[in-house]
>>> print(open('start_6.csv').read())   # CSV, C-alpha atoms
chain,number,residue,atom,x,y,z
A,1,ILE,CA,-22.3,-9.0,-12.3
A,2,MET,CA,-18.9,-10.4,-13.3
A,3,ALA,CA,-17.9,-7.0,-14.7
A,4,CYS,CA,-18.8,-5.3,-11.3
A,5,VAL,CA,-16.7,-7.9,-9.5
A,6,LEU,CA,-13.8,-7.3,-11.9
A,7,ILE,CA,-14.0,-3.6,-11.4
A,8,GLY,CA,-14.3,-4.0,-7.6
A,9,VAL,CA,-11.1,-6.2,-7.6
A,10,LEU,CA,-9.3,-3.7,-9.7
A,11,VAL,CA,-10.3,-0.9,-7.3
A,12,LEU,CA,-9.2,-3.0,-4.3
A,13,VAL,CA,-5.8,-3.7,-5.9
A,14,LEU,CA,-5.3,0.0,-6.7
A,15,MET,CA,-6.2,1.0,-3.2
A,16,VAL,CA,-3.7,-1.6,-1.7
A,17,ILE,CA,-1.0,-0.3,-4.0
A,18,TYR,CA,-1.8,3.3,-3.1
A,19,ILE,CA,-1.8,2.6,0.7
A,20,ALA,CA,1.4,0.6,0.5
A,21,ASN,CA,3.1,3.5,-1.2
A,22,PHE,CA,1.6,6.2,1.0
A,23,PRO,CA,4.2,8.9,2.2
A,24,ASP,CA,3.3,8.4,5.9
A,25,PRO,CA,5.5,5.6,7.4
A,26,GLN,CA,2.9,4.5,9.9
A,27,ILE,CA,0.4,3.8,7.1
A,28,GLN,CA,3.0,1.9,5.1
A,29,ASN,CA,3.7,-0.2,8.2
A,30,TYR,CA,0.0,-0.9,8.9
A,31,SER,CA,-0.6,-1.7,5.2
A,32,SER,CA,2.3,-4.2,5.1
A,33,LYS,CA,1.1,-5.8,8.3
A,34,LEU,CA,-2.4,-6.1,6.9
A,35,ALA,CA,-1.1,-7.7,3.6
A,36,SER,CA,1.1,-10.0,5.7
A,37,LEU,CA,-1.8,-11.0,7.9
A,38,ALA,CA,-4.0,-11.8,4.9
A,39,LEU,CA,-1.3,-13.9,3.1
A,40,CYS,CA,-0.4,-15.7,6.3
A,41,ILE,CA,-4.0,-16.7,7.0
A,42,PHE,CA,-4.5,-18.0,3.4
A,43,ALA,CA,-1.1,-19.9,3.5
A,44,ALA,CA,-1.8,-21.3,6.9
A,45,VAL,CA,-5.2,-22.6,5.8
A,46,LEU,CA,-3.7,-24.1,2.7
A,47,LEU,CA,-0.9,-25.8,4.7
A,48,GLU,CA,-3.2,-27.1,7.4
A,49,LYS,CA,-5.7,-28.6,4.9
A,50,VAL,CA,-3.0,-30.3,2.9
A,51,GLN,CA,-1.4,-31.6,6.1
A,52,MET,CA,-4.6,-32.9,7.5
A,53,SER,CA,-6.0,-34.3,4.2
A,54,GLU,CA,-2.9,-35.8,2.6
A,55,PHE,CA,-0.7,-36.8,5.6
A,56,LEU,CA,-3.2,-37.6,8.3
A,57,ARG,CA,-6.1,-39.1,6.5
A,58,ASP,CA,-4.3,-40.7,3.6
A,59,VAL,CA,-1.0,-41.8,5.0
A,60,ILE,CA,-1.7,-42.5,8.7
A,61,MET,CA,-5.3,-43.5,8.5
A,62,GLY,CA,-4.8,-45.5,5.3
A,63,HIS,CA,-2.1,-47.5,7.0
A,64,ALA,CA,-4.2,-47.9,10.1
A,65,LYS,CA,-7.2,-49.1,8.1
A,66,LYS,CA,-5.1,-51.8,6.4
A,67,THR,CA,-3.4,-53.0,9.6
A,68,PHE,CA,-5.7,-53.1,12.6
A,69,ALA,CA,-8.9,-51.1,12.5
A,70,PRO,CA,-11.8,-50.0,10.3
A,71,TYR,CA,-12.0,-46.3,9.6
A,72,ASN,CA,-14.9,-45.6,12.0
A,73,SER,CA,-13.8,-47.8,14.9
A,74,PHE,CA,-12.9,-46.3,18.3
A,75,ALA,CA,-9.2,-47.2,17.7
A,76,ALA,CA,-9.1,-45.4,14.4
A,77,VAL,CA,-10.8,-42.3,15.8
A,78,PHE,CA,-8.5,-42.3,18.8
A,79,LEU,CA,-5.4,-42.7,16.5
A,80,GLN,CA,-6.6,-39.8,14.4
A,81,LEU,CA,-7.1,-37.7,17.5
A,82,ALA,CA,-3.7,-38.6,18.8
A,83,VAL,CA,-1.9,-37.8,15.6
A,84,SER,CA,-3.8,-34.5,15.2
A,85,PHE,CA,-2.9,-33.5,18.7
A,86,VAL,CA,0.8,-34.3,18.1
A,87,MET,CA,0.7,-32.2,14.9
A,88,PHE,CA,-0.9,-29.3,16.9
A,89,LEU,CA,1.6,-29.6,19.7
A,90,GLY,CA,4.5,-29.6,17.2
A,91,TRP,CA,3.2,-26.4,15.5
A,92,TYR,CA,2.5,-24.9,19.0
A,93,LEU,CA,6.0,-25.5,20.1
A,94,LEU,CA,7.3,-24.1,16.8
A,95,ILE,CA,5.8,-20.7,17.7
A,96,SER,CA,8.5,-20.2,20.4
A,97,LEU,CA,11.3,-21.4,18.1
A,98,CYS,CA,10.1,-19.1,15.3
A,99,CYS,CA,10.0,-16.1,17.7
A,100,TYR,CA,13.5,-17.0,18.9
A,101,TYR,CA,14.9,-17.4,15.3
A,102,TYR,CA,13.4,-14.1,14.1
A,103,ARG,CA,14.0,-12.1,17.2
A,104,ARG,CA,16.4,-9.6,15.5
A,105,SER,CA,13.9,-8.4,12.9
A,106,LYS,CA,10.5,-7.0,13.9
A,107,ARG,CA,9.1,-7.5,10.4
A,108,ASP,CA,10.3,-11.1,10.1
A,109,LEU,CA,9.2,-11.8,13.7
A,110,HIS,CA,5.7,-10.5,12.9
A,111,ALA,CA,5.3,-12.5,9.7
A,112,GLY,CA,6.8,-15.7,11.0
A,113,ASN,CA,4.8,-15.6,14.2
A,114,LEU,CA,1.6,-14.9,12.4
A,115,PHE,CA,2.0,-17.8,10.0
A,116,VAL,CA,3.1,-20.4,12.6
A,117,SER,CA,0.5,-19.4,15.1
A,118,HIS,CA,-2.3,-19.5,12.5
A,119,VAL,CA,-1.2,-23.0,11.4
A,120,ALA,CA,-1.2,-24.1,15.1
A,121,ALA,CA,-4.7,-22.6,15.7
A,122,PHE,CA,-6.1,-24.3,12.6
A,123,CYS,CA,-4.6,-27.6,13.6
A,124,ALA,CA,-6.1,-27.2,17.1
A,125,MET,CA,-9.5,-26.5,15.6
A,126,ASN,CA,-9.2,-29.6,13.4
A,127,CYS,CA,-8.0,-31.8,16.2
A,128,PHE,CA,-10.6,-30.9,18.8
A,129,GLY,CA,-13.4,-30.3,16.3
A,130,TYR,CA,-12.8,-33.8,14.9
A,131,PHE,CA,-12.9,-35.2,18.5
A,132,GLN,CA,-16.2,-33.3,19.2
A,133,LYS,CA,-17.8,-34.5,16.0
A,134,ASN,CA,-16.8,-38.2,16.3
A,135,ILE,CA,-16.5,-39.0,20.0
A,136,VAL,CA,-19.3,-37.0,21.5
A,137,LYS,CA,-22.5,-38.6,20.1
A,138,LYS,CA,-25.2,-36.9,22.0
A,139,ILE,CA,-25.2,-33.9,24.4
A,140,VAL,CA,-28.0,-33.7,26.8
A,141,TYR,CA,-28.6,-30.4,28.5
A,142,ALA,CA,-30.0,-30.4,32.0
A,143,LYS,CA,-30.9,-27.4,34.1
A,144,LEU,CA,-29.5,-27.7,37.6
A,145,GLY,CA,-30.3,-24.8,39.9
A,146,GLY,CA,-30.3,-22.2,37.1
A,147,MET,CA,-27.0,-23.4,35.8
A,148,THR,CA,-26.8,-25.2,32.4
A,149,THR,CA,-24.5,-28.2,32.3
A,150,SER,CA,-23.8,-30.6,29.5
A,151,VAL,CA,-23.7,-34.4,29.9
A,152,VAL,CA,-21.9,-36.6,27.4
A,153,VAL,CA,-23.8,-39.7,26.4
A,154,SER,CA,-22.2,-42.3,24.1
>>> encode(input="start_6.csv", output="structure tokens")
Amino acid sequence: IMACVLIGVLVLVLMVIYIANFPDPQIQNYSSKLASLALCIFAAVLLEKVQMSEFLRDVIMGHAKKTFAPYNSFAAVFLQLAVSFVMFLGWYLLISLCCYYYRRSKRDLHAGNLFVSHVAAFCAMNCFGYFQKNIVKKIVYAKLGGMTTSVVVS
């Protein structure tokens, strides 16, 4: 099985090299955008995970746990939500600054915008996913006149 995976990866790399050096300029453009997209997503996931695990949970929440609140208290959960939202908002605002900074080069604009927007999206998923997981304890669905609504119960 490992030999098949190794051969498959080798074929994939050769296909990427072939497509990147294809004589048609449109195919070269799309292949570079595809490679840029893949690298931006991987780098954005890596940066977001390091940012959330190292900075948020170890630095901010470690300090908060020592000073005023246990880790699972409402104040600690709210602090983590607030700091996560501020991080998301910072990356979201950085999208416009990145677009303005790279406005002269289409290639740099595409790569920079992809990276920053993916980091902002992953920060938003972490922020609101954490809120959903830790604040909303139980969701009760009720049918009201054929329309499904959700009720938050603590």
>>> residues_around(input="start_6.csv", residues="Val86 (chain A)", least_positions_apart="4", cutoff="10 Å", atoms="all atoms listed in the file", output="list in words")
Gln80, Leu81, Ala82, Gly90, Trp91, Tyr92, Cys123, Ala124 and Cys127 of chain A
>>> closest_residue(input="start_6.csv", among="A:Leu12, A:Ile60, A:Leu93, A:Leu114", to="Lys33 (chain A)", atoms="only C-alpha atoms")
A:Leu114
>>> residues_around(input="start_6.csv", residues="region 115-121 of chain A", least_positions_apart="4", cutoff="8 Å", atoms="all atoms listed in the file", output="list in words")
Cys40, Ile41, Ala43, Ala44, Val45, Leu47, Glu48, Phe88, Leu89, Trp91, Tyr92, Leu94, Ile95, Cys98, Ala111 and Met125 of chain A
>>> atom_distance(input="start_6.csv", atom1="CA of Ala20 (chain A)", atom2="CA of Ser36 (chain A)")
11.8 Å
